[in-house]
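Coordinates from structure23.txt are shown below (compact mmCIF, C-alpha atoms).
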# COMPACT_ATOMS: atom_id res chain seq x y z
CA MET E 158 -15.55 102.26 10.34
CA LYS E 159 -12.65 100.52 12.04
CA ARG E 160 -11.08 97.38 10.58
CA THR E 161 -8.36 95.12 11.90
CA ILE E 162 -5.20 94.94 9.81
CA MET E 163 -4.25 91.42 8.73
CA THR E 164 -2.74 89.12 11.30
CA GLY E 165 -1.74 85.61 10.42
CA LEU E 166 -1.62 86.32 6.70
CA GLY E 167 1.32 85.19 4.63
CA LEU E 168 2.11 86.86 1.30
CA ALA E 169 4.41 84.58 -0.67
CA ILE E 170 5.59 85.89 -4.03
CA CYS E 171 8.02 84.59 -6.63
CA ALA E 172 8.88 86.52 -9.80
CA TYR E 173 9.83 84.84 -13.08
CA MET E 174 11.73 87.96 -14.15
CA THR E 175 13.58 90.49 -12.06
CA ILE E 176 11.49 93.45 -10.91
CA ALA E 177 13.13 96.29 -9.03
CA ALA E 178 11.62 97.10 -5.64
CA GLY E 179 11.25 100.48 -4.04
CA SER E 180 8.86 103.35 -3.34
CA PRO E 181 5.59 103.60 -5.32
CA LEU E 182 5.41 106.07 -8.15
CA ASP E 183 3.11 109.05 -7.96
CA ALA E 184 -0.44 108.26 -9.07
CA LEU E 185 -0.91 109.32 -12.69
CA ALA E 186 -3.42 108.44 -15.41
CA TYR E 187 -2.61 105.00 -16.78
CA GLU E 188 -1.51 104.77 -20.42
CA SER E 189 -2.10 101.57 -22.41
CA GLY E 190 0.71 100.40 -24.66
CA THR E 191 2.72 97.38 -25.79
CA VAL E 192 4.86 95.38 -23.36
CA VAL E 193 7.89 93.55 -24.75
CA ASN E 194 9.52 90.75 -22.72
CA GLY E 195 7.20 91.43 -19.80
CA ALA E 196 7.63 89.92 -16.35
CA THR E 197 5.27 87.62 -14.45
CA VAL E 198 4.63 87.73 -10.72
CA GLN E 199 3.14 84.59 -9.21
CA GLY E 200 2.38 83.80 -5.60
CA LYS E 201 0.00 82.47 -3.01
CA ILE E 202 -1.82 84.16 -0.14
CA THR E 203 -1.99 81.98 2.96
CA PHE E 204 -3.67 82.37 6.34
CA THR E 205 -2.32 81.09 9.64
CA GLY E 206 -4.05 81.20 12.99
CA THR E 207 -7.68 80.79 14.03
CA VAL E 208 -10.20 81.43 11.27
CA PRO E 209 -12.88 83.92 12.43
CA GLU E 210 -16.33 82.45 13.00
CA PRO E 211 -19.01 83.41 10.46
CA LYS E 212 -21.47 86.15 11.32
CA THR E 213 -24.91 84.89 12.35
CA PHE E 214 -28.26 86.45 11.41
CA GLU E 215 -31.66 85.34 12.74
CA LEU E 216 -33.80 84.80 9.65
CA ARG E 217 -37.06 85.52 11.49
CA ARG E 218 -36.00 89.17 11.82
CA TYR E 219 -35.79 89.78 8.06
CA TYR E 220 -37.87 89.58 4.90
CA ASP E 221 -38.26 86.39 2.81
CA ARG E 222 -37.00 84.11 5.56
CA GLU E 223 -38.38 80.97 3.93
CA TYR E 224 -36.66 81.53 0.59
CA CYS E 225 -33.42 82.83 2.09
CA ALA E 226 -33.28 79.84 4.46
CA ALA E 227 -31.98 77.75 1.53
CA LEU E 228 -28.46 78.55 2.78
CA SER E 229 -29.21 78.53 6.52
CA ASP E 230 -27.66 76.44 9.28
CA GLY E 231 -30.95 74.53 9.63
CA LYS E 232 -31.63 76.23 12.97
CA GLY E 233 -33.13 79.47 11.72
CA HIS E 234 -29.86 81.32 11.17
CA ARG E 235 -28.21 82.64 8.05
CA LEU E 236 -24.40 82.56 8.14
CA LEU E 237 -22.06 85.05 6.47
CA ARG E 238 -18.61 83.50 6.15
CA GLU E 239 -16.31 86.46 5.53
CA VAL E 240 -12.95 84.63 5.76
CA ASN E 241 -12.61 81.51 3.59
CA VAL E 242 -9.49 79.38 4.03
CA GLY E 243 -8.74 76.22 2.04
CA GLN E 244 -7.41 72.97 3.47
CA ASP E 245 -3.85 73.95 2.54
CA GLY E 246 -4.19 77.39 4.14
CA GLY E 247 -4.88 79.30 0.92
CA LEU E 248 -6.96 82.44 1.48
CA LYS E 249 -9.80 83.21 -0.92
CA ASP E 250 -11.13 86.68 -1.85
CA VAL E 251 -7.86 88.62 -1.65
CA VAL E 252 -7.32 91.39 -4.20
CA VAL E 253 -3.65 91.53 -5.23
CA VAL E 254 -2.61 94.74 -6.99
CA ILE E 255 0.66 96.14 -8.29
CA GLU E 256 0.72 99.87 -7.76
CA GLY E 257 2.66 102.70 -9.33
CA ILE E 258 2.47 101.56 -12.97
CA GLU E 259 2.00 104.47 -15.37
CA LYS E 260 2.11 102.55 -18.65
CA GLY E 261 1.77 98.92 -19.68
CA LYS E 262 -0.55 96.37 -21.26
CA PRO E 263 -4.06 97.46 -22.37
CA PHE E 264 -6.49 98.31 -19.58
CA THR E 265 -9.92 97.27 -20.88
CA PHE E 266 -11.89 97.18 -17.60
CA THR E 267 -15.35 98.70 -18.06
CA ASP E 268 -18.00 97.20 -15.75
CA ALA E 269 -17.95 95.36 -12.46
CA GLU E 270 -20.70 92.73 -12.32
CA VAL E 271 -22.37 91.24 -9.24
CA GLU E 272 -25.41 88.98 -8.99
CA ALA E 273 -27.93 88.35 -6.23
CA SER E 274 -28.47 84.59 -6.00
CA LEU E 275 -30.05 82.68 -3.08
CA CYS E 276 -29.96 85.87 -1.04
CA GLN E 277 -26.22 86.42 -1.39
CA PHE E 278 -24.15 88.77 -3.52
CA LEU E 279 -21.69 86.91 -5.75
CA PRO E 280 -18.81 87.25 -5.88
CA PHE E 281 -18.19 88.29 -2.27
CA VAL E 282 -15.12 90.26 -3.39
CA THR E 283 -14.54 91.91 -6.76
CA VAL E 284 -12.70 94.87 -8.25
CA VAL E 285 -14.20 98.22 -9.20
CA SER E 286 -12.85 101.35 -10.83
CA ASP E 287 -13.64 104.95 -9.95
CA LYS E 288 -16.17 106.65 -12.23
CA ARG E 289 -16.92 103.38 -14.01
CA ARG E 290 -20.03 101.24 -13.85
CA VAL E 291 -21.15 98.45 -11.56
CA THR E 292 -24.09 96.29 -12.63
CA VAL E 293 -26.04 94.09 -10.20
CA PHE E 294 -28.35 91.33 -11.49
CA ASN E 295 -31.18 89.89 -9.41
CA ARG E 296 -31.48 86.12 -9.98
CA ASP E 297 -33.88 85.64 -7.06
CA PRO E 298 -37.71 85.65 -7.11
CA VAL E 299 -37.66 88.04 -4.12
CA SER E 300 -36.80 91.75 -3.99
CA HIS E 301 -33.40 93.19 -3.11
CA ASP E 302 -31.99 96.69 -2.98
CA ILE E 303 -28.49 98.20 -2.96
CA GLN E 304 -26.84 100.47 -0.46
CA GLY E 305 -23.30 101.34 -1.57
CA TYR E 306 -20.55 102.93 0.52
CA ALA E 307 -16.99 104.13 0.01
CA TYR E 308 -14.83 104.11 3.12
CA ASP E 309 -11.40 104.17 4.69
CA GLN E 310 -10.09 104.56 8.23
CA SER E 311 -11.13 108.23 8.28
CA GLY E 312 -14.82 107.72 7.55
CA VAL E 313 -17.66 106.44 5.36
CA ASP E 314 -19.69 108.02 2.55
CA ILE E 315 -22.85 106.62 0.97
CA VAL E 316 -22.25 106.68 -2.78
CA LEU E 317 -25.35 104.99 -4.19
CA HIS E 318 -28.78 103.67 -3.23
CA ARG E 319 -31.17 101.80 -5.48
CA PRO E 320 -34.49 100.65 -3.95
CA ALA E 321 -35.04 97.72 -6.34
CA LEU E 322 -32.81 95.46 -8.42
CA HIS E 323 -33.90 94.32 -11.88
CA VAL E 324 -33.46 90.86 -13.38
CA SER E 325 -31.88 92.47 -16.45
CA GLY E 326 -29.41 94.33 -14.24
CA THR E 327 -29.31 97.58 -12.28
CA THR E 328 -26.39 99.76 -13.33
CA ASP E 329 -24.86 102.67 -11.49
CA MET E 330 -21.63 104.64 -11.51
CA VAL E 331 -19.05 104.05 -8.79
CA GLN E 332 -17.97 107.37 -7.25
CA LEU E 333 -15.11 106.87 -4.80
CA VAL E 334 -14.83 110.23 -3.11
CA LYS E 335 -11.81 111.53 -1.18
CA GLY E 336 -9.43 109.11 -2.90
CA ARG E 337 -10.93 106.09 -1.15
CA LYS E 338 -10.20 102.63 -2.52
CA VAL E 339 -12.78 100.43 -0.76
CA PHE E 340 -16.35 100.06 -2.01
CA THR E 341 -18.99 97.91 -0.30
CA MET E 342 -22.62 97.05 -1.05
CA GLN E 343 -25.33 95.63 1.18
CA CYS E 344 -28.98 94.74 0.74
CA GLY E 345 -31.12 96.81 3.10
CA MET E 346 -33.72 94.05 3.38
CA HIS E 347 -31.23 91.20 3.87
CA PRO E 348 -28.13 92.51 5.70
CA TYR E 349 -26.26 89.21 5.29
CA MET E 350 -26.07 90.03 1.57
CA GLN E 351 -22.76 91.86 1.25
CA ASN E 352 -20.22 92.52 -1.49
CA TRP E 353 -16.82 94.20 -1.32
CA GLY E 354 -14.82 95.89 -4.04
CA TYR E 355 -11.31 97.31 -4.23
CA ALA E 356 -10.64 100.13 -6.70
CA ILE E 357 -8.01 99.50 -9.37
CA ASP E 358 -6.46 101.98 -11.80
CA ASN E 359 -4.37 99.63 -13.95
CA PRO E 360 -4.72 96.07 -15.34
CA TYR E 361 -2.13 94.52 -13.01
CA TYR E 362 -4.35 92.83 -10.45
CA ALA E 363 -5.78 89.44 -9.49
CA VAL E 364 -8.42 88.09 -7.09
CA THR E 365 -7.51 84.85 -5.33
CA GLY E 366 -9.66 81.75 -5.61
CA PRO E 367 -10.06 78.93 -3.06
CA ASN E 368 -6.35 77.98 -3.11
CA GLY E 369 -5.09 81.55 -2.58
CA ALA E 370 -2.96 81.54 -5.75
CA PHE E 371 -2.52 84.46 -8.13
CA THR E 372 -0.63 85.29 -11.32
CA ILE E 373 -0.07 88.75 -12.81
CA GLY E 374 1.68 88.90 -16.17
CA ASP E 375 3.11 91.26 -18.80
CA LEU E 376 4.73 93.64 -16.32
CA PRO E 377 6.96 96.28 -17.90
CA VAL E 378 10.39 96.95 -16.43
CA GLY E 379 10.03 99.27 -13.45
CA THR E 380 9.81 99.74 -9.70
CA TYR E 381 6.64 98.53 -7.98
CA ARG E 382 4.89 97.63 -4.74
CA ILE E 383 2.59 94.62 -4.42
CA LYS E 384 -0.43 94.95 -2.13
CA ALA E 385 -2.71 92.17 -0.89
CA TRP E 386 -6.09 93.40 0.41
CA HIS E 387 -8.87 91.47 2.14
CA PRO E 388 -12.09 93.24 3.24
CA ILE E 389 -12.04 91.82 6.76
CA LEU E 390 -8.36 91.12 7.44
CA GLY E 391 -6.95 94.34 5.98
CA ALA E 392 -3.87 94.83 3.80
CA GLN E 393 -0.22 93.89 3.55
CA GLU E 394 2.42 95.20 1.16
CA ARG E 395 5.71 93.88 -0.17
CA GLU E 396 8.41 95.76 -2.03
Please express what this file holds, its structure, as structure tokens.
Amino acid sequence: MKRTIMTGLGLAICAYMTIAAGSPLDALAYESGTVVNGATVQGKITFTGTVPEPKTFELRRYYDREYCAALSDGKGHRLLREVNVGQDGGLKDVVVVIEGIEKGKPFTFTDAEVEASLCQFLPFVTVVSDKRRVTVFNRDPVSHDIQGYAYDQSGVDIVLHRPALHVSGTTDMVQLVKGRKVFTMQCGMHPYMQNWGYAIDNPYYAVTGPNGAFTIGDLPVGTYRIKAWHPILGAQERE
């Protein structure tokens, strides 16, 4: 599956304490501990250029077209807006991660949670963790299923399939084979229902909201790389 690397994306970062920059450390199991006089990294992800048009789906071709038309364009089409830019250029749905941290503040991540509401998966972008759970709740009166994939530039693997979601939540284990970081889910009955996840292995991450801003705190002294990832626009890194 080929994706275009980000163009027109600005990664602006300011640090409240000095953090050395350099090559990432080798990936090791993260160790939770106590951080004294930790640093904070704060920034904003901005987009410049022409915002991609949303994908268009003809509702008549899919199940439950009357119910799912609640978020249509009024002309029989469901729109999937994959790139959301605020009035000030802030880019939503970017996962910002600091890589190469072996030890730091407690890492308490357990489950990723997604809900199906008005025939869309919310949030559109989240974080996941390898060999940990993802739970999907169905808030709609119609049926949905899950098809989950792990992928990178070298290929795609299907990692889960559940034929029916439950109101109380359908839980499965995320298995990101071959060291892949990107996880995506889609409803087989409603292909405009999509969710993207980026795999994290430490607690130093953030997901941008509508204004593109992020803050990551309690960083121990060390050498790190900061990565900004968007499911459609790709990734950029800063040292």
At most 7 Å from (-30.0, 92.4, -11.8), file frame, only C-alpha atoms: which residues, as a PyMOL selection string? chain E and resi 272+293-296+322-327
I need the residues from that last selection saved to file as an mmCIF file, keeping the file's coordinate frame (with C-alpha atoms), if you can.
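Contents of part.cif, as written:
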data_model
loop_
_atom_site.group_PDB
_atom_site.id
_atom_site.type_symbol
_atom_site.label_atom_id
_atom_site.label_comp_id
_atom_site.auth_asym_id
_atom_site.auth_seq_id
_atom_site.Cartn_x
_atom_site.Cartn_y
_atom_site.Cartn_z
ATOM 1 C CA GLU E 272 -25.410 88.980 -8.990
ATOM 2 C CA VAL E 293 -26.040 94.090 -10.200
ATOM 3 C CA PHE E 294 -28.350 91.330 -11.490
ATOM 4 C CA ASN E 295 -31.180 89.890 -9.410
ATOM 5 C CA ARG E 296 -31.480 86.120 -9.980
ATOM 6 C CA LEU E 322 -32.810 95.460 -8.420
ATOM 7 C CA HIS E 323 -33.900 94.320 -11.880
ATOM 8 C CA VAL E 324 -33.460 90.860 -13.380
ATOM 9 C CA SER E 325 -31.880 92.470 -16.450
ATOM 10 C CA GLY E 326 -29.410 94.330 -14.240
ATOM 11 C CA THR E 327 -29.310 97.580 -12.280
#
Closest of E:Thr341, E:Thr380, E:Ser189, E:Asn359 to Val282 in chain E - atom-to-atom distances counting only C-alpha atoms: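 Checking each candidate against Val282 in chain E, we get E:Thr341 as the closest.
Nearest-residue note for Glu210 in chain E: choosing from E:His301, E:Arg238, E:Lys260, E:Arg222, the minimum distance belongs to E:Arg238, counting all atoms listed in the file.
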Under the rule that all atoms listed in the file are counted, which of E:Gly246, E:Gly200, E:Gly233, E:Gly195 is the nearest residue to Lys262 in chain E?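 For Lys262 in chain E, the nearest of the candidates is E:Gly195.
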Which protein, DNA or RNA residues have an atom at most 8 Å from (-6.7, 83.5, 6.9), counting only C-alpha atoms? List them as a PyMOL selection string. chain E and resi 165-166+203-208+240-242+246-248+390
Output the selection as a compact mmCIF listing (two decimals), in the frame of the given file - C-alpha atoms for each residue.
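Result went into out-v3.txt, see below:
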# COMPACT_ATOMS: atom_id res chain seq x y z
CA GLY E 165 -1.74 85.61 10.42
CA LEU E 166 -1.62 86.32 6.70
CA THR E 203 -1.99 81.98 2.96
CA PHE E 204 -3.67 82.37 6.34
CA THR E 205 -2.32 81.09 9.64
CA GLY E 206 -4.05 81.20 12.99
CA THR E 207 -7.68 80.79 14.03
CA VAL E 208 -10.20 81.43 11.27
CA VAL E 240 -12.95 84.63 5.76
CA ASN E 241 -12.61 81.51 3.59
CA VAL E 242 -9.49 79.38 4.03
CA GLY E 246 -4.19 77.39 4.14
CA GLY E 247 -4.88 79.30 0.92
CA LEU E 248 -6.96 82.44 1.48
CA LEU E 390 -8.36 91.12 7.44
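Rounded to one decimal, CA of Gln277 in chain E and CA of Gln351 in chain E lie 7.0 Å from each other.
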What's the 7 Å shell around Tyr361 in chain E, counting all atoms listed in the file, without same-chain residues fewer than 2 positions away, as a PyMOL selection string? chain E and resi 254-255+359+373
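You will find CA of Thr197 in chain E at 13.4 Å from CA of Val253 in chain E.
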